[in-house]
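For reference, query_5.pdb (PDB, C-alpha atoms and all ligand atoms):
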```pdb
ATOM      1  CA  MET A   1     -46.193 -55.510  62.528
ATOM      2  CA  SER A   2     -43.132 -53.613  61.438
ATOM      3  CA  LEU A   3     -43.033 -51.188  58.534
ATOM      4  CA  VAL A   4     -39.318 -51.348  57.780
ATOM      5  CA  GLU A   5     -37.328 -54.581  58.055
ATOM      6  CA  VAL A   6     -33.575 -54.507  57.571
ATOM      7  CA  ARG A   7     -32.239 -58.035  57.299
ATOM      8  CA  ASP A   8     -28.589 -58.890  57.533
ATOM      9  CA  ILE A   9     -27.320 -55.972  55.480
ATOM     10  CA  PHE A  10     -23.687 -55.792  54.357
ATOM     11  CA  GLN A  11     -22.349 -52.860  52.349
ATOM     12  CA  SER A  12     -18.853 -52.597  50.898
ATOM     13  CA  TYR A  13     -17.252 -50.071  48.579
ATOM     14  CA  GLY A  14     -14.703 -51.948  46.483
ATOM     15  CA  GLN A  15     -12.861 -54.201  48.912
ATOM     16  CA  ARG A  16     -13.746 -52.011  51.857
ATOM     17  CA  PRO A  17     -16.523 -53.187  54.199
ATOM     18  CA  ILE A  18     -18.565 -50.299  55.613
ATOM     19  CA  LEU A  19     -21.563 -52.018  57.191
ATOM     20  CA  GLU A  20     -21.906 -55.630  58.274
ATOM     21  CA  ARG A  21     -24.743 -57.748  59.644
ATOM     22  CA  VAL A  22     -27.125 -54.835  60.196
ATOM     23  CA  ASN A  23     -30.571 -55.931  61.388
ATOM     24  CA  LEU A  24     -33.371 -53.582  62.392
ATOM     25  CA  SER A  25     -37.113 -53.758  62.623
ATOM     26  CA  VAL A  26     -39.048 -50.501  62.811
ATOM     27  CA  ALA A  27     -42.786 -50.039  63.386
ATOM     28  CA  GLU A  28     -44.849 -47.475  61.500
ATOM     29  CA  GLY A  29     -44.707 -44.126  63.284
ATOM     30  CA  GLU A  30     -41.507 -44.862  65.183
ATOM     31  CA  PHE A  31     -38.757 -42.246  65.400
ATOM     32  CA  VAL A  32     -35.318 -43.867  65.249
ATOM     33  CA  SER A  33     -32.279 -41.755  66.098
ATOM     34  CA  ILE A  34     -28.988 -43.032  64.690
ATOM     35  CA  VAL A  35     -25.663 -42.166  66.289
ATOM     36  CA  GLY A  36     -22.095 -43.316  65.702
ATOM     37  CA  ALA A  37     -18.564 -42.140  65.002
ATOM     38  CA  SER A  38     -17.831 -40.111  61.891
ATOM     39  CA  GLY A  39     -17.312 -42.335  58.853
ATOM     40  CA  CYS A  40     -18.948 -45.429  60.387
ATOM     41  CA  GLY A  41     -21.614 -45.624  57.681
ATOM     42  CA  LYS A  42     -24.660 -43.730  58.978
ATOM     43  CA  SER A  43     -25.248 -41.782  55.752
ATOM     44  CA  THR A  44     -24.596 -44.989  53.825
ATOM     45  CA  PHE A  45     -27.346 -46.670  55.852
ATOM     46  CA  LEU A  46     -29.772 -43.833  55.011
ATOM     47  CA  ARG A  47     -28.931 -44.154  51.315
ATOM     48  CA  LEU A  48     -29.770 -47.857  51.533
ATOM     49  CA  LEU A  49     -33.098 -47.024  53.205
ATOM     50  CA  LEU A  50     -33.776 -44.428  50.521
ATOM     51  CA  ASP A  51     -33.067 -47.138  47.948
ATOM     52  CA  GLN A  52     -30.496 -44.916  46.300
ATOM     53  CA  GLU A  53     -27.962 -47.716  46.672
ATOM     54  CA  ARG A  54     -28.200 -51.495  46.724
ATOM     55  CA  PRO A  55     -26.582 -53.378  49.596
ATOM     56  CA  THR A  56     -23.809 -55.874  48.833
ATOM     57  CA  ARG A  57     -25.811 -58.448  50.782
ATOM     58  CA  GLY A  58     -29.070 -58.595  52.686
ATOM     59  CA  GLU A  59     -32.495 -57.130  52.116
ATOM     60  CA  ILE A  60     -34.628 -54.191  53.166
ATOM     61  CA  THR A  61     -38.399 -54.434  52.975
ATOM     62  CA  VAL A  62     -41.019 -51.726  53.458
ATOM     63  CA  ASP A  63     -44.485 -53.076  54.247
ATOM     64  CA  GLY A  64     -43.189 -56.522  53.368
ATOM     65  CA  GLU A  65     -42.112 -55.433  49.857
ATOM     66  CA  PRO A  66     -38.401 -55.540  48.969
ATOM     67  CA  LEU A  67     -36.993 -52.187  47.812
ATOM     68  CA  LYS A  68     -36.882 -52.010  44.031
ATOM     69  CA  GLY A  69     -33.579 -50.247  43.506
ATOM     70  CA  GLU A  70     -34.808 -46.714  42.905
ATOM     71  CA  PRO A  71     -36.020 -44.046  45.326
ATOM     72  CA  ASP A  72     -39.759 -43.403  45.259
ATOM     73  CA  ARG A  73     -42.014 -40.827  46.811
ATOM     74  CA  THR A  74     -42.821 -42.810  49.929
ATOM     75  CA  ARG A  75     -39.434 -41.763  51.281
ATOM     76  CA  GLY A  76     -38.253 -38.187  51.693
ATOM     77  CA  ILE A  77     -34.755 -37.181  52.690
ATOM     78  CA  VAL A  78     -32.980 -34.167  54.100
ATOM     79  CA  PHE A  79     -29.261 -34.444  53.511
ATOM     80  CA  GLN A  80     -26.310 -33.378  55.589
ATOM     81  CA  ARG A  81     -25.718 -30.534  53.180
ATOM     82  CA  TYR A  82     -28.439 -28.223  51.942
ATOM     83  CA  SER A  83     -30.286 -29.509  48.945
ATOM     84  CA  VAL A  84     -32.690 -26.841  47.729
ATOM     85  CA  PHE A  85     -33.308 -25.613  44.159
ATOM     86  CA  PRO A  86     -31.202 -22.431  43.816
ATOM     87  CA  HIS A  87     -33.136 -21.096  40.788
ATOM     88  CA  LEU A  88     -36.540 -21.153  42.515
ATOM     89  CA  THR A  89     -37.886 -18.804  45.168
ATOM     90  CA  VAL A  90     -38.325 -20.135  48.690
ATOM     91  CA  ARG A  91     -42.064 -20.621  48.166
ATOM     92  CA  ASP A  92     -41.626 -22.271  44.770
ATOM     93  CA  ASN A  93     -39.080 -24.657  46.271
ATOM     94  CA  ILE A  94     -41.890 -26.091  48.389
ATOM     95  CA  VAL A  95     -44.476 -26.036  45.597
ATOM     96  CA  ALA A  96     -41.985 -27.827  43.311
ATOM     97  CA  ALA A  97     -41.334 -30.502  45.930
ATOM     98  CA  GLU A  98     -45.060 -31.187  46.170
ATOM     99  CA  ALA A  99     -45.385 -31.215  42.372
ATOM    100  CA  LEU A 100     -42.571 -33.759  42.098
ATOM    101  CA  SER A 101     -44.565 -36.072  44.341
ATOM    102  CA  ARG A 102     -47.406 -36.210  41.765
ATOM    103  CA  PRO A 103     -47.563 -38.528  38.777
ATOM    104  CA  LEU A 104     -47.383 -35.685  36.218
ATOM    105  CA  GLY A 105     -44.705 -33.782  38.101
ATOM    106  CA  ARG A 106     -46.635 -30.544  37.518
ATOM    107  CA  LEU A 107     -49.519 -28.688  39.105
ATOM    108  CA  PHE A 108     -52.164 -26.606  37.316
ATOM    109  CA  GLY A 109     -54.938 -24.101  38.102
ATOM    110  CA  GLY A 110     -56.780 -24.619  41.370
ATOM    111  CA  VAL A 111     -54.506 -27.471  42.393
ATOM    112  CA  LYS A 112     -51.508 -25.192  42.007
ATOM    113  CA  ARG A 113     -53.197 -22.395  43.956
ATOM    114  CA  ALA A 114     -53.966 -24.842  46.766
ATOM    115  CA  ALA A 115     -50.340 -26.032  46.733
ATOM    116  CA  CYS A 116     -49.149 -22.409  46.971
ATOM    117  CA  ALA A 117     -51.440 -21.858  49.965
ATOM    118  CA  ARG A 118     -50.081 -24.998  51.635
ATOM    119  CA  ALA A 119     -46.516 -23.870  50.900
ATOM    120  CA  GLU A 120     -47.240 -20.504  52.510
ATOM    121  CA  ALA A 121     -48.699 -22.212  55.587
ATOM    122  CA  ALA A 122     -45.613 -24.457  55.814
ATOM    123  CA  LEU A 123     -43.319 -21.414  55.545
ATOM    124  CA  GLU A 124     -45.306 -19.635  58.240
ATOM    125  CA  ARG A 125     -44.824 -22.629  60.490
ATOM    126  CA  ILE A 126     -41.046 -22.789  60.105
ATOM    127  CA  GLY A 127     -40.621 -19.022  60.324
ATOM    128  CA  LEU A 128     -39.728 -18.398  56.676
ATOM    129  CA  ALA A 129     -42.910 -16.632  55.508
ATOM    130  CA  HIS A 130     -41.106 -13.280  55.336
ATOM    131  CA  VAL A 131     -38.597 -14.605  52.785
ATOM    132  CA  ALA A 132     -41.092 -16.547  50.622
ATOM    133  CA  GLN A 133     -40.278 -14.488  47.511
ATOM    134  CA  GLN A 134     -36.496 -14.585  47.936
ATOM    135  CA  TYR A 135     -34.020 -17.045  46.469
ATOM    136  CA  PRO A 136     -32.191 -19.580  48.673
ATOM    137  CA  SER A 137     -28.842 -17.797  48.123
ATOM    138  CA  ALA A 138     -30.209 -14.888  50.178
ATOM    139  CA  LEU A 139     -30.882 -17.184  53.163
ATOM    140  CA  SER A 140     -28.601 -18.130  56.034
ATOM    141  CA  GLY A 141     -27.451 -21.747  56.327
ATOM    142  CA  GLY A 142     -30.003 -22.437  59.049
ATOM    143  CA  MET A 143     -32.829 -20.970  56.992
ATOM    144  CA  GLN A 144     -31.800 -23.054  53.979
ATOM    145  CA  GLN A 145     -31.847 -26.163  56.123
ATOM    146  CA  ARG A 146     -35.313 -25.322  57.428
ATOM    147  CA  LEU A 147     -36.410 -24.892  53.844
ATOM    148  CA  ALA A 148     -34.928 -28.291  52.953
ATOM    149  CA  ILE A 149     -36.950 -29.898  55.761
ATOM    150  CA  ALA A 150     -40.165 -28.166  54.702
ATOM    151  CA  GLN A 151     -39.430 -29.341  51.155
ATOM    152  CA  ALA A 152     -38.998 -32.982  52.184
ATOM    153  CA  LEU A 153     -42.273 -32.779  54.110
ATOM    154  CA  ALA A 154     -44.223 -31.206  51.232
ATOM    155  CA  ALA A 155     -44.379 -34.553  49.460
ATOM    156  CA  LYS A 156     -45.889 -36.087  52.637
ATOM    157  CA  PRO A 157     -43.468 -38.994  52.755
ATOM    158  CA  ARG A 158     -44.362 -42.065  54.752
ATOM    159  CA  ILE A 159     -40.733 -42.384  55.813
ATOM    160  CA  LEU A 160     -38.609 -39.334  56.500
ATOM    161  CA  LEU A 161     -34.815 -39.682  56.476
ATOM    162  CA  LEU A 162     -32.884 -36.906  58.176
ATOM    163  CA  ASP A 163     -29.100 -36.777  57.927
ATOM    164  CA  GLU A 164     -27.818 -34.446  60.651
ATOM    165  CA  PRO A 165     -30.569 -31.993  59.759
ATOM    166  CA  PHE A 166     -29.940 -29.560  62.595
ATOM    167  CA  GLY A 167     -26.139 -29.659  62.712
ATOM    168  CA  ALA A 168     -25.716 -26.206  61.228
ATOM    169  CA  LEU A 169     -28.403 -24.457  63.272
ATOM    170  CA  ASP A 170     -27.924 -22.168  66.267
ATOM    171  CA  PRO A 171     -29.392 -23.448  69.593
ATOM    172  CA  GLY A 172     -32.553 -21.293  69.403
ATOM    173  CA  THR A 173     -33.402 -22.322  65.845
ATOM    174  CA  ARG A 174     -32.575 -25.925  66.680
ATOM    175  CA  GLU A 175     -35.049 -25.845  69.580
ATOM    176  CA  GLN A 176     -37.686 -24.368  67.253
ATOM    177  CA  MET A 177     -37.047 -27.135  64.709
ATOM    178  CA  HIS A 178     -37.327 -29.794  67.431
ATOM    179  CA  ARG A 179     -40.762 -28.501  68.382
ATOM    180  CA  PHE A 180     -41.762 -28.366  64.726
ATOM    181  CA  LEU A 181     -40.727 -31.978  64.205
ATOM    182  CA  LEU A 182     -42.409 -33.197  67.418
ATOM    183  CA  ASP A 183     -45.688 -31.408  66.516
ATOM    184  CA  LEU A 184     -45.557 -32.859  63.065
ATOM    185  CA  ARG A 185     -45.103 -36.356  64.395
ATOM    186  CA  ALA A 186     -48.015 -35.920  66.754
ATOM    187  CA  GLU A 187     -50.177 -35.133  63.713
ATOM    188  CA  THR A 188     -48.930 -37.725  61.230
ATOM    189  CA  LYS A 189     -47.942 -41.352  61.424
ATOM    190  CA  MET A 190     -44.658 -40.592  59.743
ATOM    191  CA  THR A 191     -41.764 -42.942  60.448
ATOM    192  CA  VAL A 192     -38.486 -41.078  60.941
ATOM    193  CA  PHE A 193     -34.824 -42.086  60.797
ATOM    194  CA  MET A 194     -32.567 -39.270  61.982
ATOM    195  CA  VAL A 195     -28.771 -39.301  62.067
ATOM    196  CA  THR A 196     -27.289 -36.957  64.635
ATOM    197  CA  HIS A 197     -24.028 -36.423  66.485
ATOM    198  CA  ASP A 198     -25.911 -34.833  69.380
ATOM    199  CA  LEU A 199     -26.857 -37.457  71.999
ATOM    200  CA  PRO A 200     -29.324 -35.301  73.979
ATOM    201  CA  GLU A 201     -31.075 -34.520  70.671
ATOM    202  CA  ALA A 202     -31.115 -38.231  69.784
ATOM    203  CA  PHE A 203     -32.852 -39.120  73.074
ATOM    204  CA  LYS A 204     -35.146 -36.085  73.097
ATOM    205  CA  LEU A 205     -36.614 -36.713  69.661
ATOM    206  CA  GLY A 206     -36.211 -40.451  69.216
ATOM    207  CA  ASP A 207     -38.380 -43.313  70.464
ATOM    208  CA  ARG A 208     -35.271 -45.402  69.960
ATOM    209  CA  VAL A 209     -31.608 -44.578  69.689
ATOM    210  CA  VAL A 210     -29.506 -47.032  67.700
ATOM    211  CA  VAL A 211     -25.726 -46.928  67.834
ATOM    212  CA  PHE A 212     -23.507 -47.930  64.905
ATOM    213  CA  ASP A 213     -20.037 -49.100  65.828
ATOM    214  CA  LYS A 214     -17.405 -51.687  64.914
ATOM    215  CA  THR A 215     -17.442 -54.866  66.964
ATOM    216  CA  ARG A 216     -14.204 -56.080  65.396
ATOM    217  CA  TRP A 217     -11.092 -53.975  65.099
ATOM    218  CA  ASP A 218      -7.728 -54.739  63.525
ATOM    219  CA  PRO A 219      -5.142 -52.212  64.809
ATOM    220  CA  HIS A 220      -2.980 -52.867  61.737
ATOM    221  CA  ASP A 221      -5.847 -52.280  59.344
ATOM    222  CA  PRO A 222      -8.568 -50.036  60.809
ATOM    223  CA  ALA A 223     -10.627 -50.353  57.612
ATOM    224  CA  ALA A 224     -10.708 -54.156  57.742
ATOM    225  CA  TYR A 225     -14.188 -54.428  59.295
ATOM    226  CA  GLY A 226     -17.484 -52.640  58.939
ATOM    227  CA  ALA A 227     -19.844 -51.239  61.565
ATOM    228  CA  THR A 228     -23.065 -52.748  62.833
ATOM    229  CA  ILE A 229     -25.789 -51.814  65.321
ATOM    230  CA  THR A 230     -24.245 -52.354  68.744
ATOM    231  CA  TYR A 231     -26.991 -50.800  70.924
ATOM    232  CA  ASP A 232     -30.683 -50.192  70.479
ATOM    233  CA  PHE A 233     -31.977 -48.009  73.325
ATOM    234  CA  ASP A 234     -35.606 -47.473  74.206
ATOM    235  CA  ALA A 235     -35.495 -43.695  74.567
ATOM    236  CA  ARG A 236     -39.073 -43.594  75.897
ATOM    237  CA  ASN A 237     -38.232 -45.885  78.798
ATOM    238  CA  GLY A 238     -35.281 -44.207  80.423
ATOM    239  CA  GLY A 239     -32.760 -45.427  77.852
ATOM    240  CA  ILE A 240     -33.035 -49.145  78.562
ATOM    241  CA  PRO A 241     -31.470 -51.299  75.831
ATOM    242  CA  TYR A 242     -33.935 -53.416  73.907
ATOM    243  CA  GLN A 243     -33.680 -57.122  74.597
ATOM    244  CA  LEU A 244     -31.748 -58.708  71.781
ATOM    245  CA  ASN A 245     -34.140 -61.655  71.748
ATOM    246  CA  GLU A 246     -37.418 -60.007  72.516
ATOM    247  CA  ASP A 247     -40.221 -62.049  74.037
ATOM    248  CA  GLN A 248     -42.866 -62.715  71.473
ATOM    249  CA  ASP A 249     -45.773 -62.498  73.929
ATOM    250  CA  GLY A 250     -45.833 -58.696  73.953
ATOM    251  CA  LEU A 251     -45.880 -58.637  77.776
ATOM    252  CA  PRO A 252     -43.570 -56.292  79.668
ATOM    253  CA  ASP A 253     -40.184 -57.664  80.598
ATOM    254  CA  PRO A 254     -40.436 -59.050  84.180
ATOM    255  CA  ALA A 255     -36.844 -57.949  84.960
ATOM    256  CA  PRO A 256     -36.665 -55.044  87.465
ATOM    257  CA  HIS A 257     -36.309 -51.568  85.986
ATOM    258  CA  PRO A 258     -32.660 -50.578  86.626
ATOM    259  CA  VAL A 259     -33.459 -46.852  86.899
ATOM    260  CA  ALA A 260     -36.348 -47.452  89.338
ATOM    261  CA  GLU A 261     -34.120 -49.782  91.320
ATOM    262  CA  ALA A 262     -31.320 -47.219  91.490
ATOM    263  CA  GLY A 263     -33.815 -44.551  92.698
TER     264      GLY A 263
HETATM  265  N1  LIG B   1     -19.933 -43.993  47.206
HETATM  266  C1  LIG B   1     -18.881 -44.291  47.982
HETATM  267  N2  LIG B   1     -17.788 -44.892  47.461
HETATM  268  C2  LIG B   1     -16.728 -45.230  48.233
HETATM  269  N3  LIG B   1     -16.669 -44.981  49.555
HETATM  270  C3  LIG B   1     -17.725 -44.379  50.145
HETATM  271  C4  LIG B   1     -18.884 -44.010  49.391
HETATM  272  N4  LIG B   1     -19.773 -43.451  50.238
HETATM  273  C5  LIG B   1     -19.193 -43.476  51.453
HETATM  274  N5  LIG B   1     -17.972 -44.033  51.398
HETATM  275  C6  LIG B   1     -17.088 -44.273  52.546
HETATM  276  O1  LIG B   1     -17.829 -45.050  53.472
HETATM  277  C7  LIG B   1     -17.539 -44.650  54.804
HETATM  278  C8  LIG B   1     -18.839 -44.336  55.512
HETATM  279  O2  LIG B   1     -19.336 -43.116  54.997
HETATM  280  P1  LIG B   1     -20.649 -42.418  55.541
HETATM  281  O3  LIG B   1     -20.769 -41.129  54.819
HETATM  282  O4  LIG B   1     -21.778 -43.363  55.467
HETATM  283  O5  LIG B   1     -20.274 -42.175  57.074
HETATM  284  P2  LIG B   1     -21.063 -41.374  58.201
HETATM  285  O6  LIG B   1     -21.237 -42.284  59.358
HETATM  286  O7  LIG B   1     -22.288 -40.760  57.630
HETATM  287  O8  LIG B   1     -20.010 -40.228  58.604
HETATM  288  P3  LIG B   1     -20.275 -38.702  59.105
HETATM  289  O9  LIG B   1     -20.715 -38.808  60.529
HETATM  290  O10 LIG B   1     -18.934 -38.076  58.988
HETATM  291  O11 LIG B   1     -21.299 -38.103  58.213
HETATM  292  C9  LIG B   1     -16.577 -43.479  54.707
HETATM  293  O12 LIG B   1     -15.280 -43.958  54.931
HETATM  294  C10 LIG B   1     -16.712 -42.999  53.282
HETATM  295  O13 LIG B   1     -15.500 -42.476  52.828
HETATM  296 MG    MG B   2     -22.882 -38.838  57.254
END
```
Can the structure in the file be given as structure tokens, please?
Amino acid sequence: MSLVEVRDIFQSYGQRPILERVNLSVAEGEFVSIVGASGCGKSTFLRLLLDQERPTRGEITVDGEPLKGEPDRTRGIVFQRYSVFPHLTVRDNIVAAEALSRPLGRLFGGVKRAACARAEAALERIGLAHVAQQYPSALSGGMQQRLAIAQALAAKPRILLLDEPFGALDPGTREQMHRFLLDLRAETKMTVFMVTHDLPEAFKLGDRVVVFDKTRWDPHDPAAYGATITYDFDARNGGIPYQLNEDQDGLPDPAPHPVAEAG
């Protein structure tokens, strides 16, 4: 049973097609890395999954329910650019994110104290405990991005959308964030879609790596066609492309394993 079903999605802006015939089926708990050339529509695809935008054609369902046309708390997102609240301290940024995930949008008394304790634990975990009382403007870009991730997680989303979340981080911090994300996944059943331009990162973190690209190209009008999913790699099985028409019996593919064969 899949959690997210993307069926024959097309997205155009004005006359310009961006995505065409996108189909994807993702099980609960899967980590899907998304790669593709700049401008091919990866962030657009995340916005469709977030339900921030409606597709021109096609349908996305979560748990069998079509998206309603407005983002809700089951999906959290970390954008390409930092998206923290500048007027709140680092700790209150996380508390506020958790509060926003509640029906009243506010926390009181013991509930608030518990949320503060959770926020402090989250900051400890991502190495920001020492700046808990500072404002985001005092943080480096990498620290702000770590805060944005902790913020998205505070609402305990069922689906986490990450748009090049580690692009601005130095290699050491990036490695630390990878471990953080892998630990977190081991603990929760969170389903993750992550856009990245870094292929090793895509294969390291993802269960699958899907590639967006154009299958049709008009040299006189490069914007004439949109992109679609051209490859869907099983990153847990040596990078073998998924069968386009998967067997329905759930049994392993009888075809020889190309990597094993080569070895
Ligand atoms: N709201 C919008 N209105 C019109 N055009 C848009 C809109 N959003 C995106 N586009 C265009 O759609 C195309 C795809 O944009 P998108 O941001 O999804 O690409 P991307 O794959 O995320 O690129 P990058 O890797 O550079 O982040 C771009 O040409 C962009 O200019
Ligand atoms: Mg983008």
Handout entry: A:Pro55 environment, 12 Å, only C-alpha atoms, sequence neighbours closer than 6 positions dropped, as a ChimeraX atom specification
Key = /A:6-13,17-22,44-49,67-69
Would you save the residues from that selection as a PDB file, in the coordinates of the input, using C-alpha atoms?
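Ended up saving to out01.pdb:
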```
ATOM      1  CA  VAL A   6     -33.575 -54.507  57.571  1.00  0.00           C
ATOM      2  CA  ARG A   7     -32.239 -58.035  57.299  1.00  0.00           C
ATOM      3  CA  ASP A   8     -28.589 -58.890  57.533  1.00  0.00           C
ATOM      4  CA  ILE A   9     -27.320 -55.972  55.480  1.00  0.00           C
ATOM      5  CA  PHE A  10     -23.687 -55.792  54.357  1.00  0.00           C
ATOM      6  CA  GLN A  11     -22.349 -52.860  52.349  1.00  0.00           C
ATOM      7  CA  SER A  12     -18.853 -52.597  50.898  1.00  0.00           C
ATOM      8  CA  TYR A  13     -17.252 -50.071  48.579  1.00  0.00           C
ATOM      9  CA  PRO A  17     -16.523 -53.187  54.199  1.00  0.00           C
ATOM     10  CA  ILE A  18     -18.565 -50.299  55.613  1.00  0.00           C
ATOM     11  CA  LEU A  19     -21.563 -52.018  57.191  1.00  0.00           C
ATOM     12  CA  GLU A  20     -21.906 -55.630  58.274  1.00  0.00           C
ATOM     13  CA  ARG A  21     -24.743 -57.748  59.644  1.00  0.00           C
ATOM     14  CA  VAL A  22     -27.125 -54.835  60.196  1.00  0.00           C
ATOM     15  CA  THR A  44     -24.596 -44.989  53.825  1.00  0.00           C
ATOM     16  CA  PHE A  45     -27.346 -46.670  55.852  1.00  0.00           C
ATOM     17  CA  LEU A  46     -29.772 -43.833  55.011  1.00  0.00           C
ATOM     18  CA  ARG A  47     -28.931 -44.154  51.315  1.00  0.00           C
ATOM     19  CA  LEU A  48     -29.770 -47.857  51.533  1.00  0.00           C
ATOM     20  CA  LEU A  49     -33.098 -47.024  53.205  1.00  0.00           C
ATOM     21  CA  LEU A  67     -36.993 -52.187  47.812  1.00  0.00           C
ATOM     22  CA  LYS A  68     -36.882 -52.010  44.031  1.00  0.00           C
ATOM     23  CA  GLY A  69     -33.579 -50.247  43.506  1.00  0.00           C
TER      24      GLY A  69
END
```
Taking the file as I've supplied it (selection: the PyMOL selection byres (((not hetatm)) within 7 of (chain B and resi 2))), which residues are included? Please answer as a CSV table (one decimal) with C-alpha atoms, in the frame of the given file.
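Once written, out_24.csv looks like this:
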```
chain,number,residue,atom,x,y,z
A,38,SER,CA,-17.8,-40.1,61.9
A,39,GLY,CA,-17.3,-42.3,58.9
A,41,GLY,CA,-21.6,-45.6,57.7
A,42,LYS,CA,-24.7,-43.7,59.0
A,43,SER,CA,-25.2,-41.8,55.8
A,80,GLN,CA,-26.3,-33.4,55.6
A,163,ASP,CA,-29.1,-36.8,57.9
```
Practice task
Please evaluate the PyMOL selection byres (((chain A and resi 170) around 12) and not hetatm) against the structure above and give the resulting residues as a ChimeraX atom specification.
Solution key: /A:140-143,145-146,166-169,171-177
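Computed from the coordinates, the atom CA of A:Pro165 to atom CA of A:Ala115 distance equals 24.4 Å.
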Handout entry: Å distance separating atom N2 of ligand LIG 1 (chain B) from atom CA of A:Gly14, one decimal place
Key = 7.8 Å
For ligand LIG 1 (chain B), I'd like the enclosing box, axis-aligned and padded by 8 Å on every side, reported as JSON with centre and edge lengths in Å to one decimal.
```
{"center_x": -18.8, "center_y": -41.7, "center_z": 53.9, "size_x": 23.0, "size_y": 23.2, "size_z": 29.3}
```
Practice task
Can you turn the PyMOL selection byres (((chain A and resi 31) around 10) and not hetatm) into a concrete residue list for this file, as a PyMOL selection string?
Solution key: chain A and resi 26-30+32-34+159-160+182+185+190-194+202+205-209+235
Exercise for the section: Can you work out the spacing between atom CA of A:His87 and atom CA of A:Lys112 in Å, to one decimal? Expected result: 18.9 Å
Exercise for the section: Compile the contact shell of A:Val35 as number ranges by chain: residues with an atom at most 7 Å away, counting all atoms listed in the file, same-chain residues fewer than 3 positions apart removed. Expected result: A: 195-197, 210-212
Exercise for the section: Return the single residue from A:His178, A:Arg113, A:Arg158, A:Lys214 that is closest to ligand LIG 1 (chain B), with distances computed using all atoms listed in the file. Expected result: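 Among the listed residues, A:Lys214 lies closest to ligand LIG 1 (chain B).
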